[in-house]
>>> print(open('run13.pdb').read())   # PDB, C-alpha atoms, pLDDT in the B column
ATOM      1  CA  MET A   1      33.106 -81.808-164.579  1.00 92.00           C
ATOM      2  CA  ARG A   2      31.117 -84.576-166.201  1.00 96.00           C
ATOM      3  CA  ILE A   3      31.520 -88.261-166.987  1.00 98.00           C
ATOM      4  CA  VAL A   4      29.194 -89.318-169.810  1.00 98.00           C
ATOM      5  CA  VAL A   5      28.032 -92.923-169.603  1.00 98.00           C
ATOM      6  CA  VAL A   6      27.099 -94.250-173.054  1.00 98.00           C
ATOM      7  CA  THR A   7      24.761 -97.195-173.524  1.00 98.00           C
ATOM      8  CA  ALA A   8      23.567 -98.829-176.727  1.00 97.00           C
ATOM      9  CA  VAL A   9      20.320-100.737-176.273  1.00 97.00           C
ATOM     10  CA  HIS A  10      17.861-102.769-178.315  1.00 95.00           C
ATOM     11  CA  GLY A  11      14.512-104.269-177.414  1.00 94.00           C
ATOM     12  CA  PRO A  12      15.592-107.582-175.845  1.00 94.00           C
ATOM     13  CA  SER A  13      18.121-105.940-173.494  1.00 94.00           C
ATOM     14  CA  ALA A  14      15.944-102.969-172.458  1.00 96.00           C
ATOM     15  CA  ARG A  15      14.513-104.791-169.443  1.00 96.00           C
ATOM     16  CA  PHE A  16      17.916-104.644-167.761  1.00 97.00           C
ATOM     17  CA  LEU A  17      18.147-100.831-167.892  1.00 98.00           C
ATOM     18  CA  PRO A  18      16.658-100.290-164.394  1.00 98.00           C
ATOM     19  CA  GLU A  19      19.398-102.453-162.869  1.00 97.00           C
ATOM     20  CA  ALA A  20      22.084-100.586-164.807  1.00 98.00           C
ATOM     21  CA  HIS A  21      20.565 -97.321-163.557  1.00 98.00           C
ATOM     22  CA  LYS A  22      20.608 -98.563-159.974  1.00 98.00           C
ATOM     23  CA  SER A  23      24.314 -99.331-160.295  1.00 98.00           C
ATOM     24  CA  LEU A  24      24.925 -95.803-161.580  1.00 98.00           C
ATOM     25  CA  CYS A  25      23.002 -94.266-158.700  1.00 98.00           C
ATOM     26  CA  GLU A  26      25.304 -96.112-156.300  1.00 97.00           C
ATOM     27  CA  GLN A  27      28.394 -94.402-157.746  1.00 98.00           C
ATOM     28  CA  ARG A  28      30.000 -91.717-155.592  1.00 97.00           C
ATOM     29  CA  LEU A  29      32.125 -89.041-157.256  1.00 97.00           C
ATOM     30  CA  PRO A  30      34.304 -86.291-155.777  1.00 96.00           C
ATOM     31  CA  GLU A  31      32.787 -82.860-155.273  1.00 95.00           C
ATOM     32  CA  GLY A  32      32.453 -81.018-158.569  1.00 96.00           C
ATOM     33  CA  TRP A  33      31.988 -84.184-160.621  1.00 97.00           C
ATOM     34  CA  GLU A  34      28.775 -85.686-161.986  1.00 97.00           C
ATOM     35  CA  TRP A  35      27.659 -88.406-164.359  1.00 98.00           C
ATOM     36  CA  HIS A  36      25.165 -88.172-167.206  1.00 98.00           C
ATOM     37  CA  TRP A  37      23.722 -91.251-168.887  1.00 98.00           C
ATOM     38  CA  VAL A  38      23.080 -91.251-172.654  1.00 98.00           C
ATOM     39  CA  ILE A  39      20.947 -94.214-173.718  1.00 98.00           C
ATOM     40  CA  GLN A  40      20.851 -94.689-177.488  1.00 98.00           C
ATOM     41  CA  GLU A  41      18.429 -97.215-178.926  1.00 97.00           C
ATOM     42  CA  ASP A  42      19.734 -99.117-181.938  1.00 96.00           C
ATOM     43  CA  GLY A  43      16.468 -98.681-183.793  1.00 96.00           C
ATOM     44  CA  GLU A  44      13.180 -96.871-183.350  1.00 96.00           C
ATOM     45  CA  SER A  45      10.884 -99.340-181.641  1.00 96.00           C
ATOM     46  CA  ALA A  46       8.402 -98.877-178.824  1.00 96.00           C
ATOM     47  CA  ASP A  47      10.157-101.544-176.753  1.00 96.00           C
ATOM     48  CA  VAL A  48      12.857 -99.537-174.973  1.00 97.00           C
ATOM     49  CA  ARG A  49      11.281 -96.304-173.711  1.00 97.00           C
ATOM     50  CA  PRO A  50       9.148 -97.984-170.996  1.00 97.00           C
ATOM     51  CA  TYR A  51      12.363 -99.116-169.277  1.00 98.00           C
ATOM     52  CA  VAL A  52      14.198 -95.772-169.445  1.00 98.00           C
ATOM     53  CA  PRO A  53      14.520 -94.359-165.902  1.00 97.00           C
ATOM     54  CA  ASP A  54      12.755 -91.103-165.071  1.00 97.00           C
ATOM     55  CA  ASP A  55      15.900 -89.231-164.094  1.00 97.00           C
ATOM     56  CA  GLU A  56      17.048 -85.779-165.209  1.00 96.00           C
ATOM     57  CA  ARG A  57      20.552 -87.211-165.544  1.00 97.00           C
ATOM     58  CA  VAL A  58      19.373 -89.553-168.308  1.00 98.00           C
ATOM     59  CA  THR A  59      19.067 -88.700-172.017  1.00 97.00           C
ATOM     60  CA  PHE A  60      17.254 -91.166-174.275  1.00 98.00           C
ATOM     61  CA  ARG A  61      17.579 -91.074-178.052  1.00 97.00           C
ATOM     62  CA  GLN A  62      16.555 -93.339-180.930  1.00 97.00           C
ATOM     63  CA  GLY A  63      17.889 -93.802-184.448  1.00 94.00           C
ATOM     64  CA  ARG A  64      17.918 -96.185-187.356  1.00 94.00           C
ATOM     65  CA  ALA A  65      19.473 -99.542-186.565  1.00 94.00           C
ATOM     66  CA  GLY A  66      23.150-100.014-187.389  1.00 94.00           C
ATOM     67  CA  GLY A  67      24.523-102.120-184.559  1.00 94.00           C
ATOM     68  CA  PRO A  68      25.929-101.219-181.134  1.00 95.00           C
ATOM     69  CA  GLY A  69      29.003 -99.455-182.518  1.00 95.00           C
ATOM     70  CA  VAL A  70      26.860 -97.104-184.577  1.00 95.00           C
ATOM     71  CA  ALA A  71      24.501 -96.485-181.646  1.00 96.00           C
ATOM     72  CA  ARG A  72      27.351 -95.622-179.284  1.00 97.00           C
ATOM     73  CA  THR A  73      29.046 -93.376-181.835  1.00 97.00           C
ATOM     74  CA  ILE A  74      25.888 -91.411-182.632  1.00 96.00           C
ATOM     75  CA  ALA A  75      25.314 -91.050-178.889  1.00 96.00           C
ATOM     76  CA  LEU A  76      28.492 -88.971-178.750  1.00 95.00           C
ATOM     77  CA  ALA A  77      26.435 -86.119-180.198  1.00 94.00           C
ATOM     78  CA  HIS A  78      24.991 -85.800-176.687  1.00 91.00           C
ATOM     79  CA  ALA A  79      28.169 -86.669-174.782  1.00 87.00           C
ATOM     80  CA  GLU A  80      29.374 -83.355-173.415  1.00 90.00           C
ATOM     81  CA  GLY A  81      31.959 -84.197-170.797  1.00 93.00           C
ATOM     82  CA  ALA A  82      35.626 -84.795-170.202  1.00 95.00           C
ATOM     83  CA  TYR A  83      35.296 -88.585-170.146  1.00 98.00           C
ATOM     84  CA  VAL A  84      33.149 -91.295-171.696  1.00 98.00           C
ATOM     85  CA  LYS A  85      32.336 -94.533-169.888  1.00 98.00           C
ATOM     86  CA  VAL A  86      30.907 -97.557-171.686  1.00 98.00           C
ATOM     87  CA  LEU A  87      28.041 -99.395-170.002  1.00 98.00           C
ATOM     88  CA  ASP A  88      26.145-102.028-171.947  1.00 96.00           C
ATOM     89  CA  ALA A  89      22.424-102.127-171.194  1.00 96.00           C
ATOM     90  CA  ASP A  90      22.587-105.540-169.551  1.00 95.00           C
ATOM     91  CA  ASP A  91      25.684-104.873-167.412  1.00 97.00           C
ATOM     92  CA  GLN A  92      26.260-103.201-164.040  1.00 98.00           C
ATOM     93  CA  LEU A  93      28.957-101.025-162.466  1.00 98.00           C
ATOM     94  CA  PRO A  94      30.079-102.023-158.967  1.00 97.00           C
ATOM     95  CA  PRO A  95      30.280 -99.141-156.462  1.00 97.00           C
ATOM     96  CA  GLY A  96      33.408 -97.015-156.832  1.00 97.00           C
ATOM     97  CA  THR A  97      34.054 -97.812-160.501  1.00 98.00           C
ATOM     98  CA  LEU A  98      33.592 -94.321-161.963  1.00 98.00           C
ATOM     99  CA  ALA A  99      35.640 -92.670-159.223  1.00 98.00           C
ATOM    100  CA  ARG A 100      38.559 -95.093-159.709  1.00 98.00           C
ATOM    101  CA  ASP A 101      38.590 -94.723-163.486  1.00 98.00           C
ATOM    102  CA  MET A 102      38.440 -90.956-163.263  1.00 97.00           C
ATOM    103  CA  ALA A 103      41.120 -90.753-160.574  1.00 97.00           C
ATOM    104  CA  ALA A 104      43.573 -92.826-162.659  1.00 97.00           C
ATOM    105  CA  LEU A 105      43.304 -90.545-165.695  1.00 97.00           C
ATOM    106  CA  GLU A 106      43.171 -87.324-163.700  1.00 97.00           C
ATOM    107  CA  ALA A 107      46.427 -88.310-161.992  1.00 96.00           C
ATOM    108  CA  ASP A 108      48.303 -88.896-165.271  1.00 96.00           C
ATOM    109  CA  ARG A 109      47.605 -86.885-168.418  1.00 93.00           C
ATOM    110  CA  GLY A 110      49.665 -89.404-170.353  1.00 94.00           C
ATOM    111  CA  LEU A 111      46.947 -92.042-169.921  1.00 97.00           C
ATOM    112  CA  GLY A 112      44.248 -91.999-172.578  1.00 97.00           C
ATOM    113  CA  TRP A 113      41.940 -94.725-171.295  1.00 98.00           C
ATOM    114  CA  ALA A 114      41.291 -97.205-168.493  1.00 98.00           C
ATOM    115  CA  THR A 115      39.845-100.687-168.095  1.00 98.00           C
ATOM    116  CA  SER A 116      39.232-102.861-165.061  1.00 97.00           C
ATOM    117  CA  ARG A 117      38.693-106.359-163.807  1.00 97.00           C
ATOM    118  CA  VAL A 118      35.430-107.922-165.010  1.00 97.00           C
ATOM    119  CA  LEU A 119      33.250-110.636-163.520  1.00 96.00           C
ATOM    120  CA  ASP A 120      30.624-112.583-165.437  1.00 95.00           C
ATOM    121  CA  LEU A 121      27.203-112.173-163.822  1.00 94.00           C
ATOM    122  CA  MET A 122      25.442-115.516-164.211  1.00 94.00           C
ATOM    123  CA  PRO A 123      21.652-116.031-164.460  1.00 92.00           C
ATOM    124  CA  ASP A 124      21.536-117.350-160.888  1.00 91.00           C
ATOM    125  CA  GLY A 125      23.199-114.200-159.542  1.00 91.00           C
ATOM    126  CA  SER A 126      26.615-115.763-158.955  1.00 94.00           C
ATOM    127  CA  THR A 127      29.779-114.271-160.444  1.00 94.00           C
ATOM    128  CA  VAL A 128      32.707-115.872-162.250  1.00 94.00           C
ATOM    129  CA  GLY A 129      36.130-114.305-162.762  1.00 91.00           C
ATOM    130  CA  PHE A 130      38.603-114.501-165.632  1.00 82.00           C
ATOM    131  CA  PRO A 131      42.112-115.987-165.315  1.00 83.00           C
ATOM    132  CA  GLY A 132      45.120-114.026-166.479  1.00 85.00           C
ATOM    133  CA  ASP A 133      44.190-110.456-165.622  1.00 93.00           C
ATOM    134  CA  PRO A 134      47.195-108.130-165.901  1.00 94.00           C
ATOM    135  CA  ASP A 135      48.673-106.472-162.836  1.00 94.00           C
ATOM    136  CA  GLN A 136      47.122-103.209-161.780  1.00 96.00           C
ATOM    137  CA  GLY A 137      48.905-100.273-163.317  1.00 97.00           C
ATOM    138  CA  PRO A 138      49.774 -98.670-166.653  1.00 97.00           C
ATOM    139  CA  ILE A 139      49.357-100.571-169.925  1.00 98.00           C
ATOM    140  CA  GLU A 140      52.007 -99.538-172.427  1.00 96.00           C
ATOM    141  CA  ARG A 141      51.326 -98.763-176.063  1.00 95.00           C
ATOM    142  CA  GLY A 142      51.107-101.946-178.125  1.00 96.00           C
ATOM    143  CA  ALA A 143      50.767-104.303-175.148  1.00 97.00           C
ATOM    144  CA  VAL A 144      47.087-105.107-175.728  1.00 98.00           C
ATOM    145  CA  PHE A 145      47.710-105.692-179.433  1.00 97.00           C
ATOM    146  CA  ASP A 146      50.655-108.017-178.783  1.00 97.00           C
ATOM    147  CA  HIS A 147      48.626-110.170-176.362  1.00 97.00           C
ATOM    148  CA  TRP A 148      45.562-110.156-178.636  1.00 97.00           C
ATOM    149  CA  LYS A 149      47.636-111.266-181.627  1.00 97.00           C
ATOM    150  CA  ALA A 150      49.421-114.022-179.709  1.00 96.00           C
ATOM    151  CA  ASN A 151      46.261-115.432-178.074  1.00 95.00           C
ATOM    152  CA  ASP A 152      43.794-116.096-180.894  1.00 93.00           C
ATOM    153  CA  PHE A 153      42.465-112.524-180.863  1.00 95.00           C
ATOM    154  CA  LEU A 154      41.630-112.474-177.163  1.00 94.00           C
ATOM    155  CA  SER A 155      42.294-109.180-175.400  1.00 95.00           C
ATOM    156  CA  PRO A 156      43.964-109.204-171.959  1.00 95.00           C
ATOM    157  CA  VAL A 157      41.472-106.543-170.804  1.00 97.00           C
ATOM    158  CA  HIS A 158      37.737-106.297-171.427  1.00 96.00           C
ATOM    159  CA  PRO A 159      36.567-103.550-173.818  1.00 97.00           C
ATOM    160  CA  ALA A 160      33.150-103.429-172.122  1.00 97.00           C
ATOM    161  CA  SER A 161      34.863-101.855-169.095  1.00 98.00           C
ATOM    162  CA  LEU A 162      36.324 -98.978-171.129  1.00 98.00           C
ATOM    163  CA  PHE A 163      36.682 -95.453-169.705  1.00 98.00           C
ATOM    164  CA  VAL A 164      38.235 -92.978-172.137  1.00 98.00           C
ATOM    165  CA  ARG A 165      39.030 -89.329-172.693  1.00 97.00           C
ATOM    166  CA  ARG A 166      36.289 -87.941-174.921  1.00 96.00           C
ATOM    167  CA  GLU A 167      38.717 -85.975-177.120  1.00 95.00           C
ATOM    168  CA  LEU A 168      40.753 -89.101-177.848  1.00 96.00           C
ATOM    169  CA  LEU A 169      37.649 -91.184-178.547  1.00 97.00           C
ATOM    170  CA  LEU A 170      36.441 -88.603-181.059  1.00 96.00           C
ATOM    171  CA  ALA A 171      39.889 -88.312-182.679  1.00 95.00           C
ATOM    172  CA  LEU A 172      39.768 -92.049-183.439  1.00 96.00           C
ATOM    173  CA  GLY A 173      36.276 -91.849-184.912  1.00 95.00           C
ATOM    174  CA  GLY A 174      34.441 -93.692-182.147  1.00 96.00           C
ATOM    175  CA  TRP A 175      33.617 -97.359-182.477  1.00 97.00           C
ATOM    176  CA  MET A 176      34.413 -99.377-185.580  1.00 95.00           C
ATOM    177  CA  ALA A 177      31.760 -99.949-188.264  1.00 92.00           C
ATOM    178  CA  LEU A 178      31.669-103.714-187.739  1.00 93.00           C
ATOM    179  CA  PRO A 179      28.773-106.100-186.990  1.00 91.00           C
ATOM    180  CA  ALA A 180      30.647-107.219-183.863  1.00 92.00           C
ATOM    181  CA  SER A 181      34.045-106.713-182.188  1.00 94.00           C
ATOM    182  CA  GLU A 182      33.583-102.967-182.680  1.00 96.00           C
ATOM    183  CA  ASP A 183      34.607-102.408-179.059  1.00 97.00           C
ATOM    184  CA  THR A 184      37.733-104.557-179.377  1.00 97.00           C
ATOM    185  CA  GLY A 185      38.633-102.597-182.493  1.00 97.00           C
ATOM    186  CA  LEU A 186      38.375 -99.328-180.591  1.00 98.00           C
ATOM    187  CA  LEU A 187      40.411-100.704-177.684  1.00 98.00           C
ATOM    188  CA  LEU A 188      43.249-101.784-179.972  1.00 98.00           C
ATOM    189  CA  ALA A 189      43.163 -98.415-181.744  1.00 98.00           C
ATOM    190  CA  LEU A 190      43.436 -96.646-178.391  1.00 98.00           C
ATOM    191  CA  ASN A 191      46.311 -98.899-177.359  1.00 97.00           C
ATOM    192  CA  ALA A 192      48.098 -98.159-180.654  1.00 96.00           C
ATOM    193  CA  VAL A 193      48.307 -94.449-179.873  1.00 96.00           C
ATOM    194  CA  SER A 194      48.176 -94.131-176.090  1.00 96.00           C
ATOM    195  CA  ARG A 195      49.005 -95.719-172.766  1.00 96.00           C
ATOM    196  CA  GLY A 196      46.152 -97.037-170.656  1.00 98.00           C
ATOM    197  CA  TRP A 197      45.425 -98.163-167.131  1.00 98.00           C
ATOM    198  CA  PHE A 198      44.143-101.417-165.647  1.00 98.00           C
ATOM    199  CA  SER A 199      42.403-101.516-162.276  1.00 97.00           C
ATOM    200  CA  GLY A 200      42.622-104.798-160.399  1.00 96.00           C
ATOM    201  CA  GLU A 201      39.382-104.039-158.567  1.00 96.00           C
ATOM    202  CA  VAL A 202      36.164-105.274-160.134  1.00 97.00           C
ATOM    203  CA  GLY A 203      34.800-102.542-162.399  1.00 97.00           C
ATOM    204  CA  LEU A 204      32.082-104.377-164.320  1.00 97.00           C
ATOM    205  CA  LEU A 205      29.532-107.136-163.867  1.00 97.00           C
ATOM    206  CA  TYR A 206      29.108-108.606-167.355  1.00 96.00           C
ATOM    207  CA  ARG A 207      25.737-110.282-167.570  1.00 95.00           C
ATOM    208  CA  LYS A 208      25.411-113.685-169.200  1.00 91.00           C
ATOM    209  CA  TRP A 209      21.935-114.368-170.560  1.00 78.00           C
ATOM    210  CA  GLU A 210      20.338-116.317-173.365  1.00 80.00           C
ATOM    211  CA  GLY A 211      19.475-113.384-175.621  1.00 69.00           C
ATOM    212  CA  GLN A 212      22.753-111.452-175.573  1.00 60.00           C
ATOM    213  CA  VAL A 213      24.246-110.591-178.956  1.00 62.00           C
ATOM    214  CA  THR A 214      27.630-112.198-178.284  1.00 60.00           C
ATOM    215  CA  GLY A 215      25.884-115.512-177.661  1.00 54.00           C
ATOM    216  CA  GLN A 216      24.304-115.707-181.120  1.00 57.00           C
ATOM    217  CA  THR A 217      25.547-118.063-183.845  1.00 62.00           C
ATOM    218  CA  ALA A 218      26.466-115.232-186.233  1.00 62.00           C
ATOM    219  CA  HIS A 219      28.915-113.832-183.707  1.00 62.00           C
ATOM    220  CA  VAL A 220      31.179-116.881-183.985  1.00 73.00           C
ATOM    221  CA  ASP A 221      30.847-117.462-187.730  1.00 82.00           C
ATOM    222  CA  ARG A 222      34.411-118.298-188.829  1.00 88.00           C
ATOM    223  CA  ALA A 223      34.468-116.346-192.065  1.00 92.00           C
ATOM    224  CA  GLU A 224      32.998-113.209-190.538  1.00 92.00           C
ATOM    225  CA  ARG A 225      35.229-113.428-187.473  1.00 93.00           C
ATOM    226  CA  ALA A 226      38.323-113.722-189.658  1.00 94.00           C
ATOM    227  CA  ALA A 227      37.255-110.657-191.634  1.00 96.00           C
ATOM    228  CA  ARG A 228      36.552-108.646-188.482  1.00 95.00           C
ATOM    229  CA  MET A 229      39.888-109.515-186.970  1.00 97.00           C
ATOM    230  CA  ALA A 230      41.711-108.646-190.188  1.00 97.00           C
ATOM    231  CA  VAL A 231      40.193-105.153-190.244  1.00 97.00           C
ATOM    232  CA  VAL A 232      40.790-104.618-186.518  1.00 97.00           C
ATOM    233  CA  GLU A 233      44.442-105.625-186.907  1.00 98.00           C
ATOM    234  CA  ALA A 234      44.972-103.509-190.002  1.00 98.00           C
ATOM    235  CA  ARG A 235      43.574-100.423-188.278  1.00 97.00           C
ATOM    236  CA  ALA A 236      45.738-100.884-185.199  1.00 97.00           C
ATOM    237  CA  ARG A 237      48.876-101.404-187.303  1.00 97.00           C
ATOM    238  CA  ALA A 238      48.075 -98.375-189.465  1.00 97.00           C
ATOM    239  CA  LEU A 239      47.620 -96.138-186.424  1.00 96.00           C
ATOM    240  CA  ALA A 240      50.846 -97.391-184.865  1.00 94.00           C
ATOM    241  CA  GLY A 241      52.650 -96.831-188.160  1.00 94.00           C
ATOM    242  CA  LEU A 242      51.504 -93.219-188.332  1.00 91.00           C
ATOM    243  CA  ARG A 243      53.388 -92.628-185.096  1.00 83.00           C
ATOM    244  CA  TRP A 244      50.676 -90.321-183.832  1.00 82.00           C
ATOM    245  CA  PRO A 245      50.931 -90.420-180.048  1.00 75.00           C
ATOM    246  CA  PHE A 246      48.584 -89.241-177.328  1.00 85.00           C
ATOM    247  CA  PRO A 247      49.257 -86.838-175.796  1.00 83.00           C
ATOM    248  CA  VAL A 248      51.142 -84.928-178.482  1.00 61.00           C
ATOM    249  CA  GLY A 249      54.877 -84.944-177.794  1.00 53.00           C
ATOM    250  CA  THR A 250      54.955 -88.378-176.156  1.00 51.00           C
ATOM    251  CA  ASP A 251      58.202 -90.343-176.549  1.00 50.00           C
ATOM    252  CA  LEU A 252      57.415 -93.064-179.089  1.00 43.00           C
ATOM    253  CA  SER A 253      60.446 -95.206-178.344  1.00 43.00           C
ATOM    254  CA  ARG A 254      58.463 -97.454-175.956  1.00 43.00           C
ATOM    255  CA  SER A 255      55.929 -98.557-178.563  1.00 43.00           C
ATOM    256  CA  THR A 256      55.945-102.309-179.218  1.00 40.00           C
ATOM    257  CA  THR A 257      53.314-102.505-181.922  1.00 40.00           C
TER     258      THR A 257
END
>>> encode(input="run13.pdb", output="structure tokens")
Amino acid sequence: MRIVVVTAVHGPSARFLPEAHKSLCEQRLPEGWEWHWVIQEDGESADVRPYVPDDERVTFRQGRAGGPGVARTIALAHAEGAYVKVLDADDQLPPGTLARDMAALEADRGLGWATSRVLDLMPDGSTVGFPGDPDQGPIERGAVFDHWKANDFLSPVHPASLFVRRELLLALGGWMALPASEDTGLLLALNAVSRGWFSGEVGLLYRKWEGQVTGQTAHVDRAERAARMAVVEARARALAGLRWPFPVGTDLSRSTT
């Protein structure tokens, strides 16, 4: 059985790939399980390949630039496995992350996805936590949306820590075609149709650095942000309104969206 780790990368973040690879090599999975890393460059430059690890478990592909959501979605062409794990090029997985995510979903077929506690990894190597993490355990349908809507579009769980059933990810069309917030859009779509899981143990080190995309001025442009959030909300509401649950046959009476 395979967990496919999907990474979108562009030139400025490529230098962090060896550290991401090291964190993957430190993962320990139960017998019969393996991980495979699909690195998809958002573009076709010569800047990324020199940093791609020489490892038979790694697949590197390039394609025309379209943003991280497009890169991750096109990477699914090479994602043959039961589960997909997101790992941004500049982030790291603490030991045990893949095994915990997998164990949660293997234990309950009614869970479609999992997230975990995240720490910011600062330039000096220190880490900083986030206040207000939910309790460890199941996340009911609609709960992420309700919190996001009530808290100025801030999710209670971090989409960069996402672990998801491949079949469900494909059914929802992958990541949203947005210039940013494409991962939040996917998370809310998942929460509209399925229950999830939150692990209280740290499952991601989220690197803070000067060149990261979320730190650029365009990312916080008010007009664009309002448009992104409007589309994300509309998609989540539409999916909830279709009353299409995962897995098929789930009791919909607990939905709050």
>>> residues_around(input="run13.pdb", residues="stretch 68-81 of chain A", least_positions_apart="2", cutoff="6 Å", atoms="only C-alpha atoms", output="ChimeraX atom specification")
/A:2-4,8,40,42,66,83,174-175,182
>>> write_last_selection(input="run13.pdb", atoms="C-alpha atoms", output="PDB file, in the frame of the given file")
ATOM      1  CA  ARG A   2      31.117 -84.576-166.201  1.00 96.00           C
ATOM      2  CA  ILE A   3      31.520 -88.261-166.987  1.00 98.00           C
ATOM      3  CA  VAL A   4      29.194 -89.318-169.810  1.00 98.00           C
ATOM      4  CA  ALA A   8      23.567 -98.829-176.727  1.00 97.00           C
ATOM      5  CA  GLN A  40      20.851 -94.689-177.488  1.00 98.00           C
ATOM      6  CA  ASP A  42      19.734 -99.117-181.938  1.00 96.00           C
ATOM      7  CA  GLY A  66      23.150-100.014-187.389  1.00 94.00           C
ATOM      8  CA  TYR A  83      35.296 -88.585-170.146  1.00 98.00           C
ATOM      9  CA  GLY A 174      34.441 -93.692-182.147  1.00 96.00           C
ATOM     10  CA  TRP A 175      33.617 -97.359-182.477  1.00 97.00           C
ATOM     11  CA  GLU A 182      33.583-102.967-182.680  1.00 96.00           C
TER      12      GLU A 182
END
>>> residues_around(input="run13.pdb", residues="stretch 134-146 of chain A", least_positions_apart="5", cutoff="8 Å", atoms="all atoms listed in the file", output="VMD selection string")
chain A and resid 111 155 to 157 188 191 to 200 236 254 to 257
>>> residues_around(input="run13.pdb", residues="A:Pro12", least_positions_apart="6", cutoff="12 Å", atoms="all atoms listed in the file", output="PyMOL selection string")
chain A and resi 41-43+45-48+51+89-90+209-213
>>> atom_distance(input="run13.pdb", atom1="atom CA of A:Arg117", atom2="atom CA of A:Glu201")
5.8 Å
>>> atom_distance(input="run13.pdb", atom1="atom CA of A:Thr97", atom2="atom CA of A:Val9")
21.1 Å
>>> atom_distance(input="run13.pdb", atom1="atom CA of A:Leu168", atom2="atom CA of A:Asp108")
14.7 Å
>>> resolve_selection(input="run13.pdb", expression="the PyMOL selection byres ((chain A and resi 27) around 7)", output="ChimeraX atom specification")
/A:23-26,28-29,95-96,98
>>> resolve_selection(input="run13.pdb", expression="the PyMOL selection byres ((chain A and resi 228) around 10)", output="PyMOL selection string")
chain A and resi 176-182+185+222-227+229-234
>>> closest_residue(input="run13.pdb", among="A:Gly67, A:Gly129, A:Gly11, A:Gly173", to="A:Leu190", atoms="only C-alpha atoms")
A:Gly173
>>> closest_residue(input="run13.pdb", among="A:Ile39, A:Leu170, A:Ala103, A:Leu204", to="A:Thr115", atoms="all atoms listed in the file")
A:Leu204
>>> closest_residue(input="run13.pdb", among="A:Ala171, A:Ala114, A:Leu239, A:Ala14", to="A:Val86", atoms="all atoms listed in the file")
A:Ala114
>>> closest_residue(input="run13.pdb", among="A:Gly125, A:Leu187, A:Ala99, A:Glu44", to="A:Ala65", atoms="all atoms listed in the file")
A:Glu44
>>> closest_residue(input="run13.pdb", among="A:Trp35, A:Trp244, A:Tyr206, A:Phe16", to="A:Pro53", atoms="only C-alpha atoms")
A:Phe16
>>> resolve_selection(input="run13.pdb", expression="the PyMOL selection byres ((chain A and resi 160) around 8)", output="short mmCIF file (atom, residue, chain, number, x, y, z; two decimals) with C-alpha atoms, in the frame of the given file")
data_model
loop_
_atom_site.label_atom_id
_atom_site.label_comp_id
_atom_site.auth_asym_id
_atom_site.auth_seq_id
_atom_site.Cartn_x
_atom_site.Cartn_y
_atom_site.Cartn_z
CA VAL A 86 30.91 -97.56 -171.69
CA LEU A 87 28.04 -99.40 -170.00
CA ASP A 88 26.14 -102.03 -171.95
CA HIS A 158 37.74 -106.30 -171.43
CA PRO A 159 36.57 -103.55 -173.82
CA SER A 161 34.86 -101.86 -169.10
CA LEU A 162 36.32 -98.98 -171.13
CA ASP A 183 34.61 -102.41 -179.06
CA LEU A 204 32.08 -104.38 -164.32
#
>>> residues_near_point(input="run13.pdb", point="(40.4, -115.6, -165.8)", cutoff="10 Å", atoms="all atoms listed in the file", output="list in words")
Arg117, Val118, Leu119, Val128, Gly129, Phe130, Pro131, Gly132, Asp133 and Pro156 of chain A
>>> closest_residue(input="run13.pdb", among="A:Val52, A:Asp152, A:Met1, A:Val38", to="A:Ser13", atoms="all atoms listed in the file")
A:Val52
